[in-house]
>>> print(open('model-v4.txt').read())   # compact mmCIF, C-alpha atoms
# COMPACT_ATOMS: atom_id res chain seq x y z
CA MET H 1 -10.52 -9.49 24.26
CA ASN H 2 -13.55 -7.51 23.03
CA PRO H 3 -15.67 -8.78 20.06
CA ARG H 4 -14.29 -6.12 17.72
CA SER H 5 -10.69 -7.13 18.49
CA ARG H 6 -11.62 -10.77 17.79
CA HIS H 7 -13.12 -9.71 14.47
CA LEU H 8 -9.93 -7.79 13.61
CA LEU H 9 -7.78 -10.80 14.50
CA LEU H 10 -9.86 -12.99 12.17
CA ALA H 11 -9.40 -10.45 9.38
CA TRP H 12 -5.63 -10.49 9.99
CA GLY H 13 -5.65 -14.30 9.79
CA LEU H 14 -7.47 -14.06 6.45
CA LEU H 15 -4.90 -11.53 5.21
CA VAL H 16 -2.02 -13.84 6.17
CA ALA H 17 -3.74 -16.77 4.41
CA LEU H 18 -4.16 -14.66 1.25
CA LEU H 19 -0.51 -13.59 1.49
CA VAL H 20 0.56 -17.24 1.66
CA ILE H 21 -1.61 -18.08 -1.39
CA GLU H 22 -0.15 -15.12 -3.30
CA PHE H 23 3.40 -16.07 -2.32
CA GLY H 24 2.83 -19.71 -3.34
CA ALA H 25 1.16 -18.73 -6.63
CA SER H 26 4.25 -16.76 -7.63
CA PHE H 27 6.16 -20.08 -7.99
CA LEU H 28 3.55 -21.64 -10.31
CA PRO H 29 4.73 -22.16 -13.90
CA LEU H 30 2.26 -19.61 -15.30
CA ASP H 31 2.59 -18.12 -18.75
CA ARG H 32 4.34 -14.73 -18.69
CA ALA H 33 1.19 -12.92 -19.86
CA ALA H 34 -0.98 -14.72 -17.27
CA ARG H 35 1.24 -13.87 -14.31
CA PRO H 36 -0.64 -10.66 -13.40
CA LEU H 37 -3.38 -13.06 -12.15
CA ILE H 38 -1.21 -13.23 -9.02
CA LEU H 39 -2.79 -9.85 -8.23
CA VAL H 40 -6.17 -11.52 -7.48
CA PRO H 41 -5.25 -12.37 -3.82
CA ALA H 42 -3.90 -8.81 -3.48
CA ALA H 43 -7.29 -7.42 -4.60
CA LEU H 44 -9.01 -9.59 -1.97
CA MET H 45 -6.53 -8.38 0.66
CA ILE H 46 -7.42 -4.77 -0.18
CA ALA H 47 -11.10 -5.61 0.24
CA VAL H 48 -10.40 -7.17 3.67
CA VAL H 49 -8.32 -4.17 4.83
CA SER H 50 -10.94 -1.66 3.67
CA VAL H 51 -13.83 -3.51 5.34
CA ALA H 52 -12.16 -4.73 8.55
CA PHE H 53 -9.45 -2.17 9.37
CA MET H 54 -10.92 0.92 7.67
CA GLU H 55 -14.51 0.14 8.71
CA LEU H 56 -15.95 0.87 5.29
CA ARG H 57 -19.32 -0.59 6.27
CA ARG H 58 -19.73 1.36 9.54
CA GLY H 59 -18.96 4.93 8.52
CA PRO H 60 -20.99 7.74 6.93
CA GLU H 61 -22.43 7.48 3.40
CA ALA H 62 -20.11 10.19 2.04
CA MET H 63 -17.11 8.06 2.94
CA ARG H 64 -18.35 5.14 0.80
CA LEU H 65 -19.09 7.60 -1.99
CA PHE H 66 -15.51 8.93 -1.93
CA PHE H 67 -14.11 5.39 -1.82
CA ALA H 68 -16.26 4.35 -4.81
CA ALA H 69 -15.34 7.55 -6.72
CA GLY H 70 -11.62 6.97 -6.11
CA LEU H 71 -11.91 3.37 -7.26
CA LEU H 72 -13.94 4.35 -10.34
CA TRP H 73 -11.43 7.00 -11.47
CA LEU H 74 -8.53 4.64 -10.79
CA CYS H 75 -10.21 2.02 -13.01
CA ILE H 76 -10.75 4.63 -15.73
CA LEU H 77 -7.11 5.74 -15.45
CA LEU H 78 -5.72 2.20 -15.62
CA GLY H 79 -8.29 1.01 -18.18
CA LEU H 80 -7.84 3.84 -20.67
CA GLY H 81 -4.09 3.93 -20.06
CA SER H 82 -3.75 0.20 -20.73
CA LEU H 83 -5.88 0.31 -23.85
CA ASP H 84 -3.02 1.47 -26.07
CA PRO H 85 -0.38 -1.13 -25.12
CA MET H 86 -2.93 -3.97 -25.00
CA THR H 87 -4.47 -3.33 -28.42
CA ARG H 88 -1.66 -1.91 -30.52
CA ILE H 89 -0.19 -4.14 -33.22
CA ASN H 90 3.37 -3.34 -34.13
CA TYR H 91 4.32 -3.82 -37.76
CA TYR H 92 8.07 -4.07 -37.88
CA ALA H 93 9.83 -2.79 -40.99
CA ARG H 94 11.49 -5.60 -42.96
CA THR H 95 15.23 -5.16 -43.18
CA THR H 96 16.55 -5.62 -46.69
CA ASN H 97 19.98 -5.20 -48.16
CA VAL H 98 19.78 -2.28 -50.53
CA LYS H 99 22.59 -2.18 -53.05
CA MET Z 1 -16.75 5.51 14.50
CA PRO Z 2 -19.91 7.61 15.11
CA GLU Z 3 -18.66 8.86 18.46
CA VAL Z 4 -19.71 12.09 20.14
CA SER Z 5 -17.14 14.88 19.94
CA SER Z 6 -16.48 16.81 23.12
CA THR Z 7 -15.19 19.81 21.15
CA GLN Z 8 -17.82 20.78 18.62
CA GLU Z 9 -16.87 23.57 16.21
CA PHE Z 10 -19.51 26.16 15.28
CA GLN Z 11 -19.87 25.14 11.61
CA TYR Z 12 -21.24 21.67 12.41
CA SER Z 13 -24.85 20.96 13.28
CA SER Z 14 -23.90 18.30 15.84
CA PRO Z 15 -20.81 16.55 17.27
CA ARG Z 16 -21.71 13.52 15.18
CA HIS Z 17 -21.79 15.72 12.04
CA GLN Z 18 -18.29 16.96 12.93
CA ALA Z 19 -16.92 13.44 13.38
CA GLU Z 20 -18.48 12.18 10.15
CA SER Z 21 -17.13 15.18 8.21
CA ALA Z 22 -13.61 14.45 9.43
CA ILE Z 23 -13.85 10.77 8.45
CA SER Z 24 -15.35 11.61 5.04
CA GLY Z 25 -12.72 14.31 4.48
CA MET Z 26 -9.96 11.78 5.09
CA TRP Z 27 -11.57 9.40 2.59
CA LEU Z 28 -11.73 12.23 0.04
CA PHE Z 29 -8.00 12.75 0.55
CA LEU Z 30 -7.40 8.99 0.20
CA ALA Z 31 -9.35 9.02 -3.08
CA THR Z 32 -6.87 11.62 -4.40
CA GLU Z 33 -4.05 9.41 -3.11
CA MET Z 34 -5.43 6.49 -5.14
CA LEU Z 35 -5.10 8.68 -8.22
CA PHE Z 36 -1.63 9.77 -7.10
CA PHE Z 37 -0.44 6.15 -7.09
CA GLY Z 38 -2.49 5.24 -10.20
CA PRO Z 39 0.06 6.52 -12.76
CA LEU Z 40 2.78 4.52 -10.99
CA PHE Z 41 0.76 1.32 -11.45
CA LEU Z 42 -0.01 2.33 -15.04
CA ALA Z 43 3.73 2.79 -15.63
CA TRP Z 44 4.24 -0.80 -14.43
CA ILE Z 45 1.53 -2.11 -16.84
CA TYR Z 46 2.90 -0.14 -19.79
CA SER Z 47 6.58 -0.85 -19.16
CA ARG Z 48 6.13 -4.57 -18.48
CA HIS Z 49 3.89 -5.01 -21.51
CA TRP Z 50 6.62 -3.76 -23.86
CA ASN Z 51 9.60 -5.23 -21.95
CA GLN Z 52 8.36 -8.47 -20.37
CA HIS Z 53 11.67 -10.37 -20.44
CA GLY Z 54 13.77 -7.50 -19.15
CA PHE Z 55 11.18 -6.48 -16.57
CA ASP Z 56 10.96 -10.03 -15.20
CA ALA Z 57 14.76 -10.34 -15.21
CA GLY Z 58 14.84 -7.27 -12.97
CA ALA Z 59 12.11 -8.64 -10.65
CA ARG Z 60 14.15 -11.83 -10.12
CA GLN Z 61 16.95 -9.73 -8.57
CA THR Z 62 14.72 -8.38 -5.77
CA GLU Z 63 14.93 -9.60 -2.16
CA LEU Z 64 11.78 -11.72 -1.85
CA ILE Z 65 12.29 -12.68 1.80
CA ILE Z 66 12.70 -9.07 2.97
CA GLY Z 67 9.69 -8.01 0.88
CA THR Z 68 7.53 -10.78 2.37
CA ILE Z 69 8.64 -10.04 5.94
CA ASN Z 70 7.87 -6.36 5.35
CA THR Z 71 4.38 -7.25 4.09
CA MET Z 72 3.72 -9.23 7.29
CA VAL Z 73 5.11 -6.35 9.37
CA LEU Z 74 2.73 -3.83 7.75
CA LEU Z 75 -0.33 -6.10 8.00
CA THR Z 76 0.40 -6.66 11.69
CA SER Z 77 0.98 -2.95 12.25
CA SER Z 78 -2.44 -2.15 10.73
CA LEU Z 79 -4.04 -4.83 12.91
CA ILE Z 80 -2.47 -3.46 16.10
CA TYR Z 81 -3.51 0.13 15.31
CA SER Z 82 -7.10 -0.99 14.58
CA VAL Z 83 -7.19 -2.90 17.88
CA GLY Z 84 -6.06 0.37 19.51
CA VAL Z 85 -9.06 2.15 17.95
CA SER Z 86 -11.36 -0.50 19.42
CA PHE Z 87 -9.79 0.09 22.86
CA ILE Z 88 -10.36 3.85 22.77
CA GLU Z 89 -13.96 3.21 21.67
CA ALA Z 90 -14.27 1.57 25.08
CA GLY Z 91 -12.41 4.46 26.74
CA ASP Z 92 -9.16 2.58 27.42
CA THR Z 93 -6.45 5.20 26.73
CA ARG Z 94 -3.62 3.14 28.22
CA ARG Z 95 -4.18 0.27 25.78
CA LEU Z 96 -4.59 2.74 22.90
CA ILE Z 97 -1.12 4.12 23.67
CA GLN Z 98 0.35 0.60 23.86
CA CYS Z 99 -1.18 -0.32 20.50
CA CYS Z 100 -0.01 2.91 18.86
CA VAL Z 101 3.54 2.36 20.15
CA GLY Z 102 3.44 -1.21 18.77
CA ALA Z 103 2.18 -0.01 15.37
CA TRP Z 104 4.79 2.78 15.33
CA LEU Z 105 7.67 0.38 16.11
CA LEU Z 106 6.53 -2.02 13.36
CA GLY Z 107 6.36 0.91 10.92
CA LEU Z 108 9.91 1.86 11.89
CA ALA Z 109 11.02 -1.79 11.45
CA PHE Z 110 9.56 -1.70 7.92
CA LEU Z 111 11.55 1.41 7.03
CA LEU Z 112 14.79 0.01 8.50
CA LEU Z 113 14.40 -3.25 6.58
CA LYS Z 114 13.47 -1.50 3.35
CA PHE Z 115 15.97 1.34 3.28
CA GLY Z 116 18.63 0.19 5.77
CA VAL Z 117 18.99 -3.38 4.52
CA GLU Z 118 17.25 -3.95 1.17
CA TRP Z 119 18.18 -0.71 -0.60
CA ARG Z 120 21.76 -1.03 0.71
CA HIS Z 121 22.02 -4.53 -0.82
CA ASP Z 122 20.54 -3.21 -4.06
CA PHE Z 123 23.12 -0.42 -4.29
CA GLU Z 124 25.95 -2.80 -3.41
CA ARG Z 125 24.83 -5.11 -6.23
CA HIS Z 126 24.72 -2.14 -8.67
CA LEU Z 127 20.99 -2.48 -9.26
CA PHE Z 128 20.35 1.26 -9.22
CA PRO Z 129 19.61 2.14 -12.87
CA GLY Z 130 22.69 4.31 -13.33
CA SER Z 131 25.79 4.03 -15.50
CA ASP Z 132 27.18 0.96 -13.67
CA PHE Z 133 23.94 -1.02 -13.80
CA ALA Z 134 24.72 -4.71 -13.16
CA ILE Z 135 22.40 -6.47 -15.64
CA ASP Z 136 23.84 -6.83 -19.15
CA GLY Z 137 22.64 -8.33 -22.40
CA PRO Z 138 19.32 -8.05 -24.22
CA ASP Z 139 17.34 -7.70 -20.95
CA ARG Z 140 19.33 -4.68 -19.76
CA ASP Z 141 16.92 -1.93 -20.85
CA GLY Z 142 13.81 -3.70 -19.53
CA ALA Z 143 15.54 -4.45 -16.22
CA ARG Z 144 16.59 -0.81 -15.92
CA LEU Z 145 12.97 0.23 -16.40
CA PHE Z 146 11.94 -2.24 -13.71
CA PHE Z 147 14.42 -0.76 -11.24
CA VAL Z 148 13.26 2.78 -12.05
CA PHE Z 149 9.77 1.58 -11.06
CA TYR Z 150 11.15 -0.23 -8.00
CA PHE Z 151 13.15 2.70 -6.59
CA LEU Z 152 10.47 5.29 -7.38
CA GLY Z 153 7.61 3.15 -6.02
CA THR Z 154 9.36 2.19 -2.79
CA ALA Z 155 10.64 5.75 -2.23
CA VAL Z 156 7.17 7.29 -2.63
CA HIS Z 157 5.66 4.60 -0.40
CA GLY Z 158 8.47 5.15 2.13
CA LEU Z 159 7.69 8.88 2.23
CA HIS Z 160 4.07 8.03 3.01
CA MET Z 161 5.28 5.70 5.77
CA ILE Z 162 7.35 8.51 7.31
CA VAL Z 163 4.29 10.81 7.27
CA GLY Z 164 2.30 7.95 8.85
CA LEU Z 165 4.91 7.54 11.62
CA ILE Z 166 4.72 11.27 12.37
CA LEU Z 167 0.91 11.06 12.56
CA VAL Z 168 0.91 7.97 14.81
CA GLY Z 169 3.50 9.72 17.01
CA TRP Z 170 1.15 12.73 17.20
CA ILE Z 171 -1.69 10.41 18.33
CA ILE Z 172 0.57 8.90 21.03
CA PHE Z 173 1.49 12.43 22.20
CA ARG Z 174 -2.15 13.52 22.41
CA ALA Z 175 -3.27 10.26 24.03
CA ARG Z 176 -0.62 10.68 26.75
CA ARG Z 177 -2.15 14.10 27.47
CA LYS Z 178 -5.51 12.35 27.95
CA GLU Z 179 -7.10 14.20 25.02
CA PHE Z 180 -9.05 11.13 23.82
CA SER Z 181 -11.93 9.29 25.45
CA ALA Z 182 -14.83 7.04 24.50
CA GLY Z 183 -16.67 10.28 23.63
CA PHE Z 184 -13.98 11.79 21.40
CA TYR Z 185 -11.44 9.89 19.31
CA THR Z 186 -11.97 11.20 15.75
CA PRO Z 187 -8.23 11.96 15.18
CA VAL Z 188 -7.39 8.35 16.16
CA SER Z 189 -9.85 7.01 13.54
CA VAL Z 190 -8.66 9.46 10.87
CA VAL Z 191 -4.97 8.57 11.33
CA GLY Z 192 -5.95 4.88 11.33
CA LEU Z 193 -7.47 5.33 7.86
CA TYR Z 194 -4.23 6.82 6.55
CA TRP Z 195 -2.12 4.09 8.20
CA SER Z 196 -4.23 1.32 6.63
CA PHE Z 197 -4.16 3.07 3.25
CA VAL Z 198 -0.34 3.04 3.26
CA ASP Z 199 -0.63 -0.69 4.02
CA MET Z 200 -2.99 -1.07 1.01
CA VAL Z 201 -0.51 0.59 -1.34
CA TRP Z 202 2.16 -1.89 -0.21
CA ILE Z 203 -0.27 -4.78 -0.78
CA VAL Z 204 -0.31 -3.74 -4.46
CA LEU Z 205 3.41 -2.95 -4.72
CA TYR Z 206 4.48 -6.28 -3.17
CA PRO Z 207 3.28 -8.55 -6.04
CA LEU Z 208 4.25 -5.98 -8.70
CA ILE Z 209 7.83 -5.86 -7.41
CA TYR Z 210 8.57 -9.28 -5.95
CA LEU Z 211 6.12 -11.88 -7.26
CA ILE Z 212 4.86 -11.42 -10.80
CA GLY Z 213 8.22 -11.51 -12.55
CA ARG Z 214 9.81 -14.11 -10.30
CA GLY Z 215 8.65 -17.42 -11.76
CA ALA Z 216 8.34 -16.19 -15.36
>>> encode(input="model-v4.txt", output="structure tokens")
Amino acid sequence: MNPRSRHLLLAWGLLVALLVIEFGASFLPLDRAARPLILVPAALMIAVVSVAFMELRRGPEAMRLFFAAGLLWLCILLGLGSLDPMTRINYYARTTNVK
Amino acid sequence: MPEVSSTQEFQYSSPRHQAESAISGMWLFLATEMLFFGPLFLAWIYSRHWNQHGFDAGARQTELIIGTINTMVLLTSSLIYSVGVSFIEAGDTRRLIQCCVGAWLLGLAFLLLKFGVEWRHDFERHLFPGSDFAIDGPDRDGARLFFVFYFLGTAVHGLHMIVGLILVGWIIFRARRKEFSAGFYTPVSVVGLYWSFVDMVWIVLYPLIYLIGRGA
């Protein structure tokens, strides 16, 4: 086995460990609003895949630029898009019996 | 990755320039793919925020075991393909072909589990958000929204998987014709980027579909 294959196997082991953590965390009695925290291991898994399998550190500069640009615009999309549901306060109309 | 191309086109200053342009071009495409999947993830945030109970009631109906096995299958498939890239870097075409066939078969196993087993169960249990939707009561509308997300997200990801299988098959075909060597393997690297990206999308979809709503 060459050194690069060993490195890839280690990355795969890390991914499986993160998957187990994520799977286990889904059974924790977390508050409904706090449950998206389960995405933290998934974010780490994406970092491992991009560095180990997609060789983000080894390639040309332009490739890292495109990756960063994609990530930035995705954050802007999700951030601005989430702003409305996260900050809006709904004032429900009181129901009264009108005679 | 910075290998020397044996077939340099006229518009590049060097074989290395050609290889780096191909890799960067694929990353530019993947950046647009991130933004393609972005609205789907935003739909999940928006819909769950307004329908938490119904959304989580829908998530509890999903097949966690199949979803988890499929995640393992995709992670392993990405590993095997990447090992194949490391073999062709050393000029070993035979091992590259073996790895690509392994990755291809795992990709096919994913699709069979997802659409042949899981979707079939979902339809049998009337979880498709149509007129005979199975979940009743106050959570019905939220659960329907969840299953719209579920079917749309898995279908779009499945389409990407099918494209990935075609691309990996194309690499196997070219490798069998001895078109790759330690000096030229840019297409192998480029297809590997796409294959790992499809894996990444599933890494996000897996908790959104199977995990977050389950214990709520």
>>> interface_residues(input="model-v4.txt", of="chain Z", to="chain H", cutoff="7 Å", atoms="all atoms listed in the file", output="MDAnalysis selection string")
chainID Z and resid 1 20 23:24 27:28 31:32 34:35 38 42 45:46 49 79 82:83 86 193 196 200 203:204 207 211:212 214:216
>>> atom_distance(input="model-v4.txt", atom1="atom CA of Z:Ala175", atom2="atom CA of Z:Ile97")
6.5 Å
>>> atom_distance(input="model-v4.txt", atom1="atom CA of H:Leu18", atom2="atom CA of Z:Leu64")
16.5 Å
>>> closest_residue(input="model-v4.txt", among="Z:Pro187, Z:Gly137, Z:Gly25, Z:Pro15", to="Z:Ile172", atoms="all atoms listed in the file")
Z:Pro187
>>> residues_around(input="model-v4.txt", residues="Z:Gly169", least_positions_apart="4", cutoff="10 Å", atoms="all atoms listed in the file", output="VMD selection string")
chain Z and resid 97 100 to 101 103 to 104 163 to 165 173 to 175
>>> atom_distance(input="model-v4.txt", atom1="atom CA of Z:Trp195", atom2="atom CA of Z:Gly102")
13.1 Å
>>> residues_around(input="model-v4.txt", residues="Z:Phe115", least_positions_apart="5", cutoff="10 Å", atoms="only C-alpha atoms", output="ChimeraX atom specification")
/Z:110,120-122,154-155,158
>>> residues_near_point(input="model-v4.txt", point="(21.5, 2.5, -9.4)", cutoff="12 Å", atoms="only C-alpha atoms", output="list in words")
Trp119, Arg120, His121, Asp122, Phe123, Glu124, Arg125, His126, Leu127, Phe128, Pro129, Gly130, Ser131, Asp132, Phe133, Ala134, Ile135, Ala143, Arg144, Leu145, Phe146, Phe147, Val148, Phe149, Tyr150, Phe151 and Leu152 of chain Z
>>> axis_aligned_box(input="model-v4.txt", around="stretch 14-22 of chain Z", padding_each_side="3 Å", output="AutoDock Vina command-line options")
--center_x -18.8 --center_y 15.2 --center_z 12.7 --size_x 16.3 --size_y 12.1 --size_z 15.1
>>> residues_near_point(input="model-v4.txt", point="(-9.5, 5.1, 27.9)", cutoff="10 Å", atoms="all atoms listed in the file", output="list in words")
Phe87, Ile88, Glu89, Ala90, Gly91, Asp92, Thr93, Arg94, Arg95, Leu96, Ile97, Ala175, Lys178, Glu179, Phe180, Ser181, Ala182 and Gly183 of chain Z
>>> closest_residue(input="model-v4.txt", among="Z:Ile209, Z:Met161, Z:Val156, Z:Ser189", to="Z:Leu106", atoms="only C-alpha atoms")
Z:Met161
>>> closest_residue(input="model-v4.txt", among="Z:Met26, Z:Ile66, Z:Leu113, Z:Val191", to="Z:Tyr81", atoms="only C-alpha atoms")
Z:Val191
